[in-house]
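K.L.:
Got a structure here, written out as C-alpha cells. Questions coming.
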Amino acid sequence: GTKRVVMSAYIAGGDTQELKVPLGTYTIYYAEGEVWCGEKAAFGRDNTHLERLVGSFQFTRDAEGYNGFVIELTQRVNGNLNSVEVSETDFSELVPDEPSNVHR
C-alpha cells in the first residue's frame, strides 16, 4: 500500500529471469515496448505501454521453503493473469530518481 519500489528489472522479450523477491505482498507494474531507450525514457515517450497486474502477489516462506510466483507476460487466449493499463502519472510515481535495487 506504500507504492514504494522494492525491486525493478529489465527483461528483454523472450528472456527469462529469476528474481529473489523480498517476503511481502506486492502489486506488480510493468512497462513494455519495442526498443529499450534506458531507465528514464523506457521505450520512448509514445512507444511505452504501462500496465499493472490485477491482484496482489504474496511472497512467503514456510517450513517447506520459499513460496512465490512464475509470471509469464505472454498474451494467451483464456490466460489466468490479467492486467490493466495505468497512466504515465501513476507509473512515474513508482520510478525512483536513482535505481536502488536494479537486477540485470
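Naming scheme: A, B, ... for chains in displayed order of the C-alpha cells; residues 1 onward per chain; ligands 1 onward as shown.
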Write out as a list in words each polymer residue whose atoms come within 9 Å of Thr25 in chain A, counting only C-alpha atoms; drop sequence neighbours fewer than 3 positions from it.
P.N.:
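These residues fall inside the cut-off: Ser56, Phe57, Gln58, Phe59 and Thr60 of chain A.
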K.L.:
Can you write just those residues out, C-alpha atoms, as a PDB file, in the first residue's frame?
P.N.:
```
ATOM      1  CA  SER A  56      -1.701  -8.752  -5.246  1.00  0.00           C
ATOM      2  CA  PHE A  57       1.185 -11.180  -5.103  1.00  0.00           C
ATOM      3  CA  GLN A  58       2.274 -12.586  -1.741  1.00  0.00           C
ATOM      4  CA  PHE A  59       5.800 -13.938  -1.347  1.00  0.00           C
ATOM      5  CA  THR A  60       6.165 -16.047   1.802  1.00  0.00           C
TER       6      THR A  60
END
```
K.L.:
Residues at most 8 Å from Gly33 in chain A, counting only C-alpha atoms, excluding those fewer than 2 positions away in the same chain, as an MDAnalysis selection string?
P.N.:
chainID A and resid 31 35:36 43 47:49
K.L.:
What separation in Å, quoted to one decimal, exists between CA of Gly13 in chain A and CA of Asn67 in chain A?
P.N.:
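Interatomic distance here is 25.2 Å.
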K.L.:
Just want the 10 Å neighbourhood of range 86-92 of chain A, counted on only C-alpha atoms, with same-chain residues fewer than 3 positions away dropped. Output as an mmCIF file with C-alpha atoms, in the first residue's frame.
P.N.:
```cif
data_model
loop_
_atom_site.group_PDB
_atom_site.id
_atom_site.type_symbol
_atom_site.label_atom_id
_atom_site.label_comp_id
_atom_site.auth_asym_id
_atom_site.auth_seq_id
_atom_site.Cartn_x
_atom_site.Cartn_y
_atom_site.Cartn_z
ATOM 1 C CA LYS A 3 3.840 2.432 -3.627
ATOM 2 C CA TYR A 29 3.672 -2.855 -12.520
ATOM 3 C CA TYR A 30 5.469 -3.179 -15.836
ATOM 4 C CA ALA A 31 6.329 -1.232 -18.959
ATOM 5 C CA LYS A 40 14.438 7.221 -17.698
ATOM 6 C CA ARG A 45 7.568 8.645 -24.947
ATOM 7 C CA THR A 48 5.843 2.706 -23.916
ATOM 8 C CA HIS A 49 2.801 0.732 -22.743
ATOM 9 C CA LEU A 50 2.285 0.859 -18.941
ATOM 10 C CA GLU A 51 0.402 -1.886 -17.096
ATOM 11 C CA ARG A 52 -0.417 -3.164 -13.603
ATOM 12 C CA SER A 83 -3.564 -6.553 -16.365
ATOM 13 C CA VAL A 95 10.069 5.211 -10.780
ATOM 14 C CA PRO A 96 12.840 6.170 -8.357
ATOM 15 C CA ASP A 97 15.156 9.065 -9.183
#
```
K.L.:
List the spatial neighbours of Thr74 in chain A as a PDB file with N, CA and C atoms, in the first residue's frame - criterion: any atom at most 10 Å away, only C-alpha atoms, same-chain residues fewer than 5 positions off excluded.
P.N.:
```pdb
ATOM      1  N   GLY A  13      12.467  -9.127 -24.240  1.00  0.00           N
ATOM      2  CA  GLY A  13      11.460 -10.039 -24.774  1.00  0.00           C
ATOM      3  C   GLY A  13      12.069 -11.388 -25.107  1.00  0.00           C
ATOM      4  N   GLY A  14      11.409 -12.449 -24.677  1.00  0.00           N
ATOM      5  CA  GLY A  14      11.883 -13.796 -24.939  1.00  0.00           C
ATOM      6  C   GLY A  14      12.846 -14.326 -23.888  1.00  0.00           C
ATOM      7  N   GLY A  79      -5.980 -16.959 -20.742  1.00  0.00           N
ATOM      8  CA  GLY A  79      -4.892 -16.936 -19.766  1.00  0.00           C
ATOM      9  C   GLY A  79      -5.437 -16.632 -18.376  1.00  0.00           C
ATOM     10  N   LEU A  81      -3.818 -14.512 -16.063  1.00  0.00           N
ATOM     11  CA  LEU A  81      -3.195 -13.323 -15.493  1.00  0.00           C
ATOM     12  C   LEU A  81      -3.712 -12.104 -16.246  1.00  0.00           C
TER      13      LEU A  81
END
```
K.L.:
Could you tell me which of A:Leu19, A:Val5, A:Leu53, A:Leu73 comes closest to Glu32 in chain A if we count only C-alpha atoms?
P.N.:
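Nearest candidate to Glu32 in chain A out of A:Leu19, A:Val5, A:Leu53, A:Leu73: A:Leu73.
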K.L.:
Restricting the calculation to only C-alpha atoms, which member of A:Glu64, A:Glu39, A:Glu85, A:Glu34 is positioned closest to Ser8 in chain A?
P.N.:
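Closest residue, counting only C-alpha atoms: A:Glu39.
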K.L.:
Can you check which residues of range 19-103 of chain A DSSP gives as alpha helix (DSSP H) on the backbone and send them as a list in words?
P.N.:
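Those residues are Glu88, Thr89, Asp90, Phe91 and Ser92 of chain A.
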K.L.:
Okay, now the selection with N, CA and C atoms, as an mmCIF file, in the first residue's frame?
P.N.:
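Final output, out_19.cif:
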```cif
data_model
loop_
_atom_site.group_PDB
_atom_site.id
_atom_site.type_symbol
_atom_site.label_atom_id
_atom_site.label_comp_id
_atom_site.auth_asym_id
_atom_site.auth_seq_id
_atom_site.Cartn_x
_atom_site.Cartn_y
_atom_site.Cartn_z
ATOM 1 N N GLU A 88 0.640 7.408 -17.261
ATOM 2 C CA GLU A 88 2.051 7.763 -17.101
ATOM 3 C C GLU A 88 2.296 8.383 -15.730
ATOM 4 N N THR A 89 1.331 9.165 -15.246
ATOM 5 C CA THR A 89 1.458 9.793 -13.930
ATOM 6 C C THR A 89 1.502 8.735 -12.838
ATOM 7 N N ASP A 90 0.566 7.765 -12.883
ATOM 8 C CA ASP A 90 0.555 6.703 -11.878
ATOM 9 C C ASP A 90 1.856 5.916 -11.906
ATOM 10 N N PHE A 91 2.341 5.623 -13.096
ATOM 11 C CA PHE A 91 3.554 4.825 -13.238
ATOM 12 C C PHE A 91 4.787 5.611 -12.804
ATOM 13 N N SER A 92 4.858 6.894 -13.166
ATOM 14 C CA SER A 92 6.050 7.687 -12.849
ATOM 15 C C SER A 92 6.225 7.881 -11.353
#
```
K.L.:
So how far away is CA of Ile28 in chain A from CA of Ala63 in chain A, in Å?
P.N.:
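For CA of Ala63 in chain A relative to CA of Ile28 in chain A, the distance reads 26.0 Å.
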